>>> print(open('target.cif').read())   # mmCIF, C-alpha atoms
data_protein
#
loop_
_atom_site.label_atom_id
_atom_site.label_comp_id
_atom_site.auth_asym_id
_atom_site.auth_seq_id
_atom_site.Cartn_x
_atom_site.Cartn_y
_atom_site.Cartn_z
CA MET A 198 100.84 116.23 68.75
CA ARG A 199 100.91 118.33 71.88
CA HIS A 200 103.49 116.38 73.74
CA SER A 201 104.26 117.68 77.24
CA PHE A 202 101.82 120.51 76.82
CA TRP A 203 100.59 120.41 80.37
CA ASP A 204 103.89 120.38 82.14
CA HIS A 205 105.77 122.16 79.43
CA TYR A 206 107.73 124.29 81.90
CA SER A 207 108.86 121.42 84.10
CA SER A 208 112.09 121.01 82.17
CA LEU A 209 113.28 124.61 82.56
CA ASN A 210 116.37 125.27 84.62
CA SER A 211 116.17 127.55 87.67
CA PRO A 212 116.98 127.53 91.40
CA VAL A 213 113.40 126.41 92.12
CA HIS A 214 113.58 123.60 89.57
CA ASN A 215 116.76 122.37 91.23
CA ILE A 216 115.28 121.93 94.71
CA PRO A 217 115.18 118.19 95.51
CA THR A 218 111.91 116.67 94.30
CA GLY A 219 110.98 115.18 97.67
CA LEU A 220 111.27 118.55 99.33
CA LYS A 221 109.04 120.17 96.71
CA ILE A 222 106.36 117.50 97.12
CA ILE A 223 106.43 117.83 100.90
CA PHE A 224 106.27 121.62 100.69
CA ALA A 225 103.26 121.56 98.37
CA LEU A 226 101.55 118.98 100.57
CA PHE A 227 102.27 121.08 103.64
CA LEU A 228 100.79 124.22 102.05
CA VAL A 229 97.64 122.42 100.92
CA ILE A 230 97.14 120.79 104.32
CA LEU A 231 97.69 124.16 106.00
CA LEU A 232 95.08 125.74 103.74
CA THR A 233 92.67 122.94 104.58
CA VAL A 234 93.00 122.98 108.36
CA LEU A 235 93.31 126.72 109.02
CA PRO A 236 90.05 128.04 110.49
CA GLY A 237 88.19 130.53 108.32
CA SER A 238 89.14 133.59 110.36
CA TYR A 239 92.87 132.90 109.93
CA ILE A 240 92.62 132.39 106.18
CA SER A 241 92.25 136.10 105.51
CA PHE A 242 95.54 136.78 107.35
CA ALA A 243 97.45 133.81 105.99
CA SER A 244 96.37 134.08 102.38
CA LEU A 245 98.41 137.15 101.48
CA PRO A 246 101.82 135.86 102.72
CA ILE A 247 101.18 132.49 101.04
CA LEU A 248 100.24 134.18 97.77
CA ILE A 249 103.36 136.36 97.89
CA LEU A 250 105.52 133.31 98.66
CA LEU A 251 104.05 131.37 95.74
CA ILE A 252 104.39 134.25 93.29
CA THR A 253 108.00 134.88 94.37
CA MET A 254 108.86 131.25 93.74
CA LEU A 255 107.04 131.43 90.43
CA ILE A 256 109.05 134.47 89.34
CA ILE A 257 112.37 132.89 90.39
CA SER A 258 111.43 129.74 88.46
CA LYS A 259 110.89 131.73 85.23
CA VAL A 260 107.54 130.06 84.63
CA PRO A 261 105.19 132.63 83.02
CA VAL A 262 102.83 133.96 85.69
CA ALA A 263 100.00 134.54 83.22
CA ASN A 264 100.04 130.88 82.23
CA VAL A 265 99.68 129.76 85.84
CA ILE A 266 96.90 132.24 86.58
CA LYS A 267 95.06 131.00 83.51
CA ARG A 268 95.36 127.43 84.68
CA THR A 269 93.98 128.22 88.13
CA LEU A 270 90.74 129.27 86.43
CA VAL A 271 89.98 125.57 86.00
CA ILE A 272 88.31 125.65 89.43
CA LEU A 273 85.81 128.35 88.45
CA PRO A 274 83.15 125.92 87.13
CA LEU A 275 83.34 124.16 90.51
CA VAL A 276 83.53 127.23 92.73
CA LEU A 277 80.80 129.30 91.07
CA PRO A 278 77.88 126.88 91.63
CA VAL A 279 78.93 126.52 95.27
CA ILE A 280 79.00 130.30 95.71
CA VAL A 281 75.57 130.61 94.12
CA LEU A 282 74.09 127.78 96.23
CA ASN A 283 75.56 129.22 99.43
CA SER A 284 74.54 132.80 98.80
CA ILE A 285 70.95 131.75 98.26
CA PHE A 286 70.50 129.12 100.93
CA MET A 287 72.97 129.84 103.73
CA LYS A 288 73.26 132.64 106.27
CA ALA A 289 76.59 134.43 105.81
CA GLY A 290 76.88 132.42 102.64
CA LEU A 291 78.90 134.94 100.68
CA LYS A 292 81.69 135.28 103.27
CA HIS A 293 81.76 131.53 103.70
CA SER A 294 82.13 130.98 99.95
CA LEU A 295 84.81 133.64 99.66
CA ILE A 296 86.96 131.85 102.24
CA LEU A 297 86.30 128.59 100.41
CA SER A 298 87.38 130.10 97.10
CA VAL A 299 90.58 131.47 98.63
CA ARG A 300 91.39 128.04 100.08
CA SER A 301 90.95 126.23 96.80
CA PHE A 302 92.54 128.93 94.67
CA LEU A 303 95.75 128.92 96.74
CA SER A 304 95.82 125.11 96.89
CA ILE A 305 95.53 124.86 93.15
CA PHE A 306 98.15 127.54 92.76
CA SER A 307 100.64 125.52 94.83
CA LEU A 308 99.82 122.34 92.92
CA ILE A 309 100.37 124.04 89.56
CA LEU A 310 103.62 125.50 90.83
CA LEU A 311 104.76 122.03 91.88
CA VAL A 312 103.89 120.55 88.48
CA SER A 313 105.51 123.44 86.63
CA VAL A 314 108.86 123.10 88.38
CA THR A 315 109.12 119.30 88.66
CA ARG A 316 109.45 116.68 85.95
CA PHE A 317 106.87 113.93 86.09
CA SER A 318 109.52 111.23 85.88
CA ASP A 319 111.31 112.76 88.90
CA ILE A 320 108.10 112.65 90.91
CA MET A 321 107.61 109.00 89.98
CA LYS A 322 111.19 108.22 91.00
CA THR A 323 110.73 109.98 94.34
CA LEU A 324 107.43 108.24 95.05
CA SER A 325 109.11 104.98 94.11
CA SER A 326 111.90 105.62 96.62
CA TRP A 327 109.20 106.31 99.24
CA HIS A 328 107.88 102.77 98.60
CA PHE A 329 104.77 103.89 96.78
CA PRO A 330 103.30 100.65 95.30
CA ARG A 331 105.21 99.58 92.19
CA ILE A 332 102.11 98.67 90.21
CA MET A 333 100.63 102.14 90.69
CA ILE A 334 103.88 103.76 89.57
CA MET A 335 103.91 101.56 86.48
CA ILE A 336 100.29 102.42 85.61
CA LEU A 337 100.87 106.14 86.19
CA SER A 338 104.00 106.16 84.04
CA PHE A 339 102.26 104.29 81.23
CA MET A 340 99.37 106.71 81.42
CA TYR A 341 101.63 109.70 81.29
CA ARG A 342 103.55 108.36 78.30
CA TYR A 343 100.62 107.15 76.25
CA PHE A 344 97.77 109.51 76.85
CA PHE A 345 99.32 112.11 74.54
CA LEU A 346 99.39 109.47 71.83
CA LEU A 347 95.84 108.28 72.47
CA THR A 348 94.57 111.86 72.58
CA GLY A 349 96.14 112.40 69.18
CA GLU A 350 94.45 109.31 67.80
CA MET A 351 91.12 110.33 69.24
CA GLU A 352 91.37 113.82 67.78
CA LYS A 353 92.11 112.37 64.36
CA MET A 354 89.02 110.18 64.52
CA VAL A 355 86.82 113.03 65.74
CA ARG A 356 88.09 115.25 62.92
CA ALA A 357 87.41 112.52 60.35
CA VAL A 358 83.88 112.11 61.65
CA LYS A 359 83.25 115.84 61.59
CA MET A 360 84.42 116.02 57.98
CA ARG A 361 82.24 113.17 56.82
CA SER A 362 79.13 113.25 58.97
CA GLY A 363 77.92 116.66 57.85
CA GLY A 364 76.51 117.89 61.12
CA SER A 365 74.80 114.91 62.69
CA ARG A 366 73.49 115.78 66.09
CA GLY A 367 71.54 114.48 69.04
CA PHE A 368 71.55 110.77 69.59
CA THR A 369 73.32 109.97 66.30
CA LEU A 370 76.29 112.03 67.41
CA ILE A 371 76.37 110.34 70.81
CA ARG A 372 76.40 106.98 69.03
CA ILE A 373 79.20 108.00 66.68
CA TYR A 374 81.35 109.41 69.48
CA SER A 375 80.80 106.28 71.58
CA GLN A 376 81.92 104.18 68.65
CA ILE A 377 85.06 106.27 68.41
CA LEU A 378 85.76 105.43 72.04
CA ALA A 379 85.16 101.73 71.35
CA ILE A 380 87.71 101.84 68.55
CA LEU A 381 90.06 103.73 70.83
CA PHE A 382 89.82 100.98 73.45
CA ILE A 383 90.50 98.29 70.86
CA LYS A 384 93.49 100.27 69.59
CA SER A 385 94.76 100.72 73.15
CA TYR A 386 94.49 96.97 73.74
CA GLU A 387 96.41 96.19 70.58
CA ARG A 388 99.00 98.80 71.43
CA ALA A 389 99.41 97.25 74.89
CA GLU A 390 100.26 93.93 73.24
CA ARG A 391 102.83 95.56 70.98
CA VAL A 392 104.31 97.53 73.87
CA TYR A 393 104.63 94.37 75.93
CA HIS A 394 106.44 92.58 73.12
CA ALA A 395 108.77 95.52 72.69
CA MET A 396 109.46 95.51 76.44
CA LEU A 397 110.19 91.77 76.41
CA MET A 398 112.55 92.27 73.51
CA ARG A 399 114.48 94.85 75.50
CA GLY A 400 114.89 92.59 78.47
CA TYR A 401 111.83 93.29 80.65
CA ASP A 402 111.42 90.48 83.17
CA GLY A 403 108.22 91.48 84.89
CA ASN A 404 109.85 93.24 87.84
CA GLY A 405 111.87 95.93 86.14
CA GLY A 406 111.67 99.49 87.32
CA LEU A 407 111.01 102.47 85.12
CA MET B 56 82.55 115.23 90.84
CA HIS B 57 86.27 115.93 91.31
CA ILE B 58 86.38 117.80 94.62
CA PRO B 59 89.15 120.43 94.69
CA ASP B 60 91.34 121.18 97.70
CA GLY B 61 89.75 123.48 100.24
CA PHE B 62 86.23 122.11 99.81
CA LEU B 63 86.43 119.38 102.44
CA SER B 64 86.94 119.56 106.19
CA LEU B 65 89.66 117.59 107.94
CA PRO B 66 87.44 114.87 109.48
CA VAL B 67 85.87 114.14 106.09
CA ILE B 68 89.29 114.02 104.43
CA ILE B 69 90.67 111.66 107.05
CA SER B 70 87.73 109.27 106.99
CA THR B 71 87.42 109.08 103.19
CA THR B 72 91.17 108.64 102.81
CA ALA B 73 91.04 105.84 105.38
CA VAL B 74 88.30 104.09 103.42
CA SER B 75 90.16 104.41 100.12
CA ALA B 76 93.53 103.38 101.52
CA SER B 77 92.15 100.39 103.38
CA LEU B 78 90.65 99.10 100.11
CA LEU B 79 93.60 100.08 97.94
CA TYR B 80 96.22 98.28 100.00
CA PRO B 81 94.76 94.73 99.82
CA SER B 82 93.80 95.28 96.15
CA ILE B 83 97.37 96.15 95.23
CA LYS B 84 98.69 93.17 97.20
CA LYS B 85 96.25 90.82 95.50
CA LEU B 86 96.98 92.17 92.02
CA ASP B 87 100.73 92.02 92.64
CA ARG B 88 100.36 88.34 93.49
CA GLU B 89 98.01 87.32 90.74
CA ILE B 90 98.70 89.19 87.54
CA LYS B 91 101.04 88.14 84.78
CA PRO B 92 103.62 90.68 83.52
CA GLU B 93 101.77 91.28 80.24
CA ARG B 94 98.86 92.62 82.25
CA ILE B 95 100.79 95.71 83.34
CA PRO B 96 101.01 97.38 79.90
CA LEU B 97 97.36 96.50 79.37
CA MET B 98 96.38 98.21 82.61
CA GLY B 99 98.58 101.18 81.80
CA LEU B 100 97.12 101.61 78.35
CA SER B 101 93.59 101.11 79.67
CA ALA B 102 94.26 103.84 82.20
CA ALA B 103 95.49 106.10 79.41
CA PHE B 104 92.31 105.18 77.53
CA VAL B 105 90.09 106.16 80.47
CA PHE B 106 92.01 109.39 80.82
CA THR B 107 91.68 110.21 77.12
CA ALA B 108 88.03 109.19 76.93
CA GLN B 109 87.22 111.65 79.71
CA LEU B 110 88.52 114.47 77.54
CA LEU B 111 85.97 113.81 74.79
CA SER B 112 82.93 115.90 75.55
CA PHE B 113 79.71 114.73 73.99
CA PRO B 114 77.65 117.70 72.86
CA VAL B 115 74.08 117.11 73.99
CA PHE B 116 70.91 119.15 73.81
CA GLY B 117 70.93 122.79 74.75
CA GLY B 118 74.64 123.43 74.50
CA THR B 119 75.52 121.27 77.49
CA SER B 120 77.94 118.41 77.31
CA VAL B 121 78.62 115.16 79.16
CA HIS B 122 81.70 113.00 79.25
CA LEU B 123 82.32 109.37 80.00
CA THR B 124 83.75 108.48 83.40
CA GLY B 125 84.49 104.98 82.18
CA ALA B 126 84.93 103.49 85.65
CA VAL B 127 82.21 100.87 85.30
CA LEU B 128 83.13 100.20 81.67
CA ILE B 129 86.74 99.42 82.49
CA SER B 130 85.71 97.22 85.43
CA ILE B 131 83.37 95.28 83.16
CA LEU B 132 86.19 94.78 80.66
CA LEU B 133 89.12 94.04 83.00
CA GLY B 134 87.56 93.13 86.36
CA PRO B 135 86.85 95.06 89.55
CA LEU B 136 90.31 95.26 91.12
CA SER B 137 92.04 96.21 87.87
CA GLY B 138 89.29 98.74 87.27
CA PHE B 139 89.72 100.08 90.78
CA LEU B 140 93.47 100.62 90.32
CA ILE B 141 93.07 102.07 86.84
CA THR B 142 90.42 104.55 87.93
CA THR B 143 92.44 105.47 91.01
CA SER B 144 95.46 106.21 88.82
CA ALA B 145 93.29 108.28 86.51
CA VAL B 146 91.96 110.29 89.45
CA LEU B 147 95.46 110.89 90.80
CA LEU B 148 96.95 111.91 87.47
CA GLN B 149 94.02 114.21 86.76
CA ALA B 150 94.44 115.93 90.09
CA PHE B 151 98.12 116.23 89.47
CA LEU B 152 98.38 117.27 85.83
CA PHE B 153 95.12 119.09 85.20
CA GLN B 154 94.15 120.09 88.76
CA HIS B 155 90.81 118.33 88.30
CA GLY B 156 90.50 117.38 91.94
CA GLY B 157 93.04 118.05 94.63
CA LEU B 158 96.01 116.79 96.56
CA VAL B 159 94.54 116.17 100.00
CA THR B 160 91.06 115.51 98.63
CA SER B 161 92.42 112.64 96.54
CA GLY B 162 91.24 110.11 99.11
CA ALA B 163 87.69 111.40 98.83
CA ASN B 164 87.83 111.53 95.04
CA VAL B 165 89.22 108.01 94.88
CA MET B 166 86.37 106.87 97.11
CA ASN B 167 83.68 108.57 95.01
CA ILE B 168 84.99 107.66 91.62
CA ALA B 169 87.08 104.52 92.02
CA VAL B 170 85.56 102.69 95.01
CA ILE B 171 81.91 103.44 94.35
CA GLN B 172 81.93 103.33 90.59
CA SER B 173 84.53 100.68 89.73
CA ILE B 174 83.88 98.25 92.58
CA LEU B 175 80.25 98.73 93.59
CA GLY B 176 79.26 99.43 89.98
CA TYR B 177 80.91 96.21 88.87
CA TYR B 178 79.17 94.08 91.49
CA LEU B 179 75.85 95.66 90.63
CA PHE B 180 76.54 94.68 87.03
CA ARG B 181 77.32 91.13 88.11
CA VAL B 182 73.94 90.81 89.86
CA PHE B 183 72.34 90.64 86.43
CA PRO B 184 72.43 87.27 84.66
CA LYS B 185 74.42 86.93 81.40
CA ARG B 186 71.26 87.33 79.31
CA PHE B 187 70.88 90.90 80.55
CA TYR B 188 74.49 91.87 79.86
CA ILE B 189 73.58 95.11 78.13
CA SER B 190 70.79 96.27 80.43
CA GLY B 191 72.94 95.32 83.42
CA ALA B 192 75.78 97.46 82.10
CA PHE B 193 73.38 100.36 81.55
CA ILE B 194 71.82 100.18 85.01
CA ALA B 195 75.18 99.70 86.73
CA SER B 196 76.83 102.68 85.04
CA PHE B 197 73.78 104.88 85.55
CA SER B 198 73.44 104.06 89.24
CA ALA B 199 77.18 104.28 89.85
CA VAL B 200 77.25 107.88 88.67
CA VAL B 201 74.16 108.89 90.64
CA VAL B 202 75.25 107.17 93.86
CA ALA B 203 78.73 108.66 93.54
CA ALA B 204 77.20 112.11 93.11
CA ALA B 205 75.06 111.58 96.22
CA VAL B 206 78.08 110.48 98.28
CA CYS B 207 80.07 113.42 96.92
CA ALA B 208 77.24 115.75 97.97
CA ALA B 209 77.19 114.13 101.41
CA GLU B 210 80.91 114.76 101.83
CA LEU B 211 80.50 118.41 100.85
CA ILE B 212 77.51 118.81 103.19
CA LEU B 213 79.35 117.20 106.13
CA SER B 214 82.22 119.61 105.49
CA GLY B 215 79.77 122.51 105.65
CA THR B 216 80.64 123.53 102.11
CA ILE B 217 77.17 123.39 100.60
CA PRO B 218 73.73 123.61 102.22
CA LEU B 219 71.99 120.31 102.99
CA LYS B 220 68.77 120.20 101.00
CA ALA B 221 69.60 122.41 98.04
CA GLY B 222 73.05 120.86 97.66
CA LEU B 223 71.74 117.32 97.60
CA ILE B 224 69.01 118.17 95.10
CA ALA B 225 71.39 120.10 92.82
CA MET B 226 74.04 117.37 92.79
CA ILE B 227 71.65 114.50 92.18
CA THR B 228 69.48 116.12 89.52
CA SER B 229 72.50 117.34 87.56
CA HIS B 230 74.01 113.87 87.69
CA LEU B 231 70.82 112.03 86.67
CA PHE B 232 71.54 113.42 83.25
CA ALA B 233 75.24 112.56 83.35
CA GLY B 234 74.29 109.08 84.55
CA LEU B 235 71.99 108.52 81.58
CA GLY B 236 74.78 109.63 79.28
CA GLU B 237 77.24 107.33 81.02
CA GLY B 238 74.80 104.42 80.64
CA PHE B 239 74.19 104.97 76.94
CA ILE B 240 77.84 105.51 76.09
CA THR B 241 78.96 102.44 78.05
CA VAL B 242 76.37 100.26 76.36
CA ILE B 243 77.23 101.45 72.85
CA ILE B 244 80.95 100.89 73.48
CA LEU B 245 80.33 97.36 74.77
CA GLU B 246 78.08 96.55 71.78
CA MET B 247 80.69 97.88 69.38
CA ILE B 248 83.49 95.88 70.99
CA ARG B 249 81.30 92.76 70.86
CA LYS B 250 80.79 93.33 67.15
CA LEU B 251 84.39 94.14 66.21
CA LYS B 252 86.54 92.20 68.63
CA PRO B 253 84.42 89.94 70.86
CA GLY B 254 87.56 88.46 72.41
CA LEU B 255 88.08 91.65 74.38
CA LEU B 256 84.94 90.94 76.40
CA HIS B 257 86.66 87.83 77.75
CA ILE B 258 89.90 89.29 79.10
CA LYS B 259 90.65 87.65 82.44
CA LYS B 260 88.73 89.57 85.10
CA ILE B 261 90.65 90.31 88.26
#
>>> encode(input="target.cif", output="structure tokens")
Amino acid sequence: MRHSFWDHYSSLNSPVHNIPTGLKIIFALFLVILLTVLPGSYISFASLPILILLITMLIISKVPVANVIKRTLVILPLVLPVIVLNSIFMKAGLKHSLILSVRSFLSIFSLILLVSVTRFSDIMKTLSSWHFPRIMIMILSFMYRYFFLLTGEMEKMVRAVKMRSGGSRGFTLIRIYSQILAILFIKSYERAERVYHAMLMRGYDGNGGL
Amino acid sequence: MHIPDGFLSLPVIISTTAVSASLLYPSIKKLDREIKPERIPLMGLSAAFVFTAQLLSFPVFGGTSVHLTGAVLISILLGPLSGFLITTSAVLLQAFLFQHGGLVTSGANVMNIAVIQSILGYYLFRVFPKRFYISGAFIASFSAVVVAAAVCAAELILSGTIPLKAGLIAMITSHLFAGLGEGFITVIILEMIRKLKPGLLHIKKI
């Protein structure tokens, strides 16, 4: 099981990790909004200071820089088609797409930094104290706790199918994979029942917090 | 379909966020009033299911792959408002943990994925009489994906991110394929659940 793989570094201890959660959320939000509203001509000036700021915070926080850079690459499959489309069909398309890429790269960088230096449960607590709807917080917390488990179950089923099916492909494979998902939903439903009983047993009254 | 930060202009962000928030608020109020406590773990686990299911990529012809969005499926199983909230949570967590999507573009992503697919998709499904359960589910999930892609393209075009004609054509044609996949996968899952545990098709729909 790859528990906490994605925000593995959020439980480190550093000056950046110790900044109050609310402040970190607001700072990340501020940066992303800034990157969204700044006109294109300002982006080229603003991008360097922002990048330096982010990298400095990253170094202080002891989160490996290479890991973060690798994770920012997740936007490439989204940015590349846009660059291609723009370069072919728009005047000044290349410059336009470059600015666009800088905007989204820096935004994603700040988001990854936020996730890497803040525990998920702290974010939920902060949102909760900001009167974020309780039901959403509950769903998000359940998701966060159980998707590692469900992913593990799904991987087991996929591996079992691969071992036994001997290279089925095309529509057969789509059918088999869909059936795996059906089983996964049934298992999730049954797990939800068990979880609810366990919660009741521990004194859950339907309004409890986290 | 998950629009990252930096791809949308401020007016588009504000208007899509307004649409999403104005639908989210009454839905949360209504659900808070009407659901029983045991529904919360079910919604949480269903959200985790949607999240996990999106990670499974189906290898299809020519080395490409599709994955299930699951928005229409979960609305068919649990009802439109539950589906709406579940899909919204999935979109938010994906933006947050995996950076699929963005922070300030969340409103737009919630509109494309949760509002259009979970709510409109569900009501499209309901248009079909009970006899056409399966074909209704297929058509609803297919159209939900394609319409969502078209709206997503419109948002990007209005923001000046992609060119009008080419952008629209590229988004829609690439999602015709994803829509077909979504339709087939949804239908097979529903059939399988009907065979193994038919009771799950009759969970109270809210």
>>> interface_residues(input="target.cif", of="chain B", to="chain A", cutoff="8 Å", atoms="all atoms listed in the file", output="PDB file with C-alpha atoms, in the coordinates of the input")
ATOM      1  CA  PRO B  59      89.150 120.430  94.690  1.00  0.00           C
ATOM      2  CA  ASP B  60      91.340 121.180  97.700  1.00  0.00           C
ATOM      3  CA  GLY B  61      89.750 123.480 100.240  1.00  0.00           C
ATOM      4  CA  PHE B  62      86.230 122.110  99.810  1.00  0.00           C
ATOM      5  CA  LEU B  63      86.430 119.380 102.440  1.00  0.00           C
ATOM      6  CA  SER B  64      86.940 119.560 106.190  1.00  0.00           C
ATOM      7  CA  LEU B  65      89.660 117.590 107.940  1.00  0.00           C
ATOM      8  CA  ILE B  83      97.370  96.150  95.230  1.00  0.00           C
ATOM      9  CA  ASP B  87     100.730  92.020  92.640  1.00  0.00           C
ATOM     10  CA  LYS B  91     101.040  88.140  84.780  1.00  0.00           C
ATOM     11  CA  PRO B  92     103.620  90.680  83.520  1.00  0.00           C
ATOM     12  CA  GLU B  93     101.770  91.280  80.240  1.00  0.00           C
ATOM     13  CA  ILE B  95     100.790  95.710  83.340  1.00  0.00           C
ATOM     14  CA  PRO B  96     101.010  97.380  79.900  1.00  0.00           C
ATOM     15  CA  LEU B  97      97.360  96.500  79.370  1.00  0.00           C
ATOM     16  CA  MET B  98      96.380  98.210  82.610  1.00  0.00           C
ATOM     17  CA  GLY B  99      98.580 101.180  81.800  1.00  0.00           C
ATOM     18  CA  LEU B 100      97.120 101.610  78.350  1.00  0.00           C
ATOM     19  CA  SER B 101      93.590 101.110  79.670  1.00  0.00           C
ATOM     20  CA  ALA B 102      94.260 103.840  82.200  1.00  0.00           C
ATOM     21  CA  ALA B 103      95.490 106.100  79.410  1.00  0.00           C
ATOM     22  CA  PHE B 104      92.310 105.180  77.530  1.00  0.00           C
ATOM     23  CA  PHE B 106      92.010 109.390  80.820  1.00  0.00           C
ATOM     24  CA  THR B 107      91.680 110.210  77.120  1.00  0.00           C
ATOM     25  CA  ALA B 108      88.030 109.190  76.930  1.00  0.00           C
ATOM     26  CA  PHE B 113      79.710 114.730  73.990  1.00  0.00           C
ATOM     27  CA  PRO B 114      77.650 117.700  72.860  1.00  0.00           C
ATOM     28  CA  VAL B 115      74.080 117.110  73.990  1.00  0.00           C
ATOM     29  CA  PHE B 116      70.910 119.150  73.810  1.00  0.00           C
ATOM     30  CA  LEU B 140      93.470 100.620  90.320  1.00  0.00           C
ATOM     31  CA  ILE B 141      93.070 102.070  86.840  1.00  0.00           C
ATOM     32  CA  SER B 144      95.460 106.210  88.820  1.00  0.00           C
ATOM     33  CA  ALA B 145      93.290 108.280  86.510  1.00  0.00           C
ATOM     34  CA  LEU B 148      96.950 111.910  87.470  1.00  0.00           C
ATOM     35  CA  PHE B 151      98.120 116.230  89.470  1.00  0.00           C
ATOM     36  CA  LEU B 152      98.380 117.270  85.830  1.00  0.00           C
ATOM     37  CA  PHE B 153      95.120 119.090  85.200  1.00  0.00           C
ATOM     38  CA  GLN B 154      94.150 120.090  88.760  1.00  0.00           C
ATOM     39  CA  HIS B 155      90.810 118.330  88.300  1.00  0.00           C
ATOM     40  CA  GLY B 157      93.040 118.050  94.630  1.00  0.00           C
ATOM     41  CA  LEU B 158      96.010 116.790  96.560  1.00  0.00           C
ATOM     42  CA  VAL B 159      94.540 116.170 100.000  1.00  0.00           C
ATOM     43  CA  THR B 216      80.640 123.530 102.110  1.00  0.00           C
ATOM     44  CA  ILE B 217      77.170 123.390 100.600  1.00  0.00           C
ATOM     45  CA  PRO B 218      73.730 123.610 102.220  1.00  0.00           C
ATOM     46  CA  ALA B 221      69.600 122.410  98.040  1.00  0.00           C
ATOM     47  CA  GLY B 222      73.050 120.860  97.660  1.00  0.00           C
ATOM     48  CA  ILE B 240      77.840 105.510  76.090  1.00  0.00           C
ATOM     49  CA  THR B 241      78.960 102.440  78.050  1.00  0.00           C
ATOM     50  CA  ILE B 243      77.230 101.450  72.850  1.00  0.00           C
ATOM     51  CA  ILE B 244      80.950 100.890  73.480  1.00  0.00           C
ATOM     52  CA  LEU B 245      80.330  97.360  74.770  1.00  0.00           C
ATOM     53  CA  MET B 247      80.690  97.880  69.380  1.00  0.00           C
ATOM     54  CA  ILE B 248      83.490  95.880  70.990  1.00  0.00           C
ATOM     55  CA  LYS B 252      86.540  92.200  68.630  1.00  0.00           C
ATOM     56  CA  LEU B 255      88.080  91.650  74.380  1.00  0.00           C
TER      57      LEU B 255
END
>>> atom_distance(input="target.cif", atom1="CA of Ala203 (chain B)", atom2="CA of Asn167 (chain B)")
5.2 Å
>>> atom_distance(input="target.cif", atom1="CA of Phe139 (chain B)", atom2="CA of Gly125 (chain B)")
11.2 Å
>>> closest_residue(input="target.cif", among="A:Val314, A:Ile320, A:Ile223, A:Val213", to="Ile257 (chain A)", atoms="all atoms listed in the file")
A:Val213
>>> resolve_selection(input="target.cif", expression="the PyMOL selection byres ((chain B and resi 128-133) around 8)", output="ChimeraX atom specification")
/B:101,105,125-127,134-139,173-174,177,180,192,196,241,245,255-261
>>> closest_residue(input="target.cif", among="A:Pro217, A:Met398, A:Ser211, A:Val358", to="Asp319 (chain A)", atoms="only C-alpha atoms")
A:Pro217
>>> closest_residue(input="target.cif", among="B:Val202, B:Ile212, B:Leu223, B:Val165", to="Val146 (chain B)", atoms="all atoms listed in the file")
B:Val165
>>> resolve_selection(input="target.cif", expression="the PyMOL selection byres ((chain A and resi 248) around 12)", output="ChimeraX atom specification")
/A:228,232,240-247,249-255,266,299-300,302-307,310
>>> axis_aligned_box(input="target.cif", around="region 232-237 of chain B", padding_each_side="3 Å", output="JSON")
{"center_x": 74.4, "center_y": 110.4, "center_z": 81.9, "size_x": 11.7, "size_y": 12.1, "size_z": 11.3}
>>> resolve_selection(input="target.cif", expression="the PyMOL selection byres ((chain B and resi 78) around 12)", output="JSON, numbers by chain")
{"B": [71, 72, 73, 74, 75, 76, 77, 79, 80, 81, 82, 83, 84, 85, 135, 136, 139, 140, 143, 162, 165, 166, 169, 170, 171, 174]}
>>> atom_distance(input="target.cif", atom1="CA of Val67 (chain B)", atom2="CA of Leu211 (chain B)")
8.6 Å
>>> decode(input="target.cif", residues="region 85-91 of chain B", atoms="N, CA, C and O atoms", output="PDB file, in the first residue's frame")
ATOM      1  N   LYS B  85     -30.111  21.281   1.147  1.00  0.00           N
ATOM      2  CA  LYS B  85     -31.153  20.265   1.004  1.00  0.00           C
ATOM      3  C   LYS B  85     -30.661  18.910   1.517  1.00  0.00           C
ATOM      4  O   LYS B  85     -31.361  18.221   2.251  1.00  0.00           O
ATOM      5  N   LEU B  86     -29.427  18.564   1.160  1.00  0.00           N
ATOM      6  CA  LEU B  86     -28.884  17.276   1.613  1.00  0.00           C
ATOM      7  C   LEU B  86     -28.740  17.256   3.132  1.00  0.00           C
ATOM      8  O   LEU B  86     -29.071  16.266   3.780  1.00  0.00           O
ATOM      9  N   ASP B  87     -28.269  18.367   3.694  1.00  0.00           N
ATOM     10  CA  ASP B  87     -28.105  18.448   5.147  1.00  0.00           C
ATOM     11  C   ASP B  87     -29.425  18.173   5.850  1.00  0.00           C
ATOM     12  O   ASP B  87     -29.471  17.530   6.889  1.00  0.00           O
ATOM     13  N   ARG B  88     -30.514  18.692   5.264  1.00  0.00           N
ATOM     14  CA  ARG B  88     -31.840  18.501   5.861  1.00  0.00           C
ATOM     15  C   ARG B  88     -32.320  17.070   5.704  1.00  0.00           C
ATOM     16  O   ARG B  88     -32.919  16.509   6.606  1.00  0.00           O
ATOM     17  N   GLU B  89     -32.063  16.481   4.535  1.00  0.00           N
ATOM     18  CA  GLU B  89     -32.811  15.267   4.207  1.00  0.00           C
ATOM     19  C   GLU B  89     -32.093  13.956   4.457  1.00  0.00           C
ATOM     20  O   GLU B  89     -32.753  12.923   4.560  1.00  0.00           O
ATOM     21  N   ILE B  90     -30.765  13.951   4.529  1.00  0.00           N
ATOM     22  CA  ILE B  90     -30.138  12.640   4.592  1.00  0.00           C
ATOM     23  C   ILE B  90     -30.027  12.113   6.015  1.00  0.00           C
ATOM     24  O   ILE B  90     -29.970  12.871   6.979  1.00  0.00           O
ATOM     25  N   LYS B  91     -30.018  10.788   6.095  1.00  0.00           N
ATOM     26  CA  LYS B  91     -29.806  10.138   7.387  1.00  0.00           C
ATOM     27  C   LYS B  91     -28.295  10.007   7.601  1.00  0.00           C
ATOM     28  O   LYS B  91     -27.530  10.004   6.638  1.00  0.00           O
TER      29      LYS B  91
END
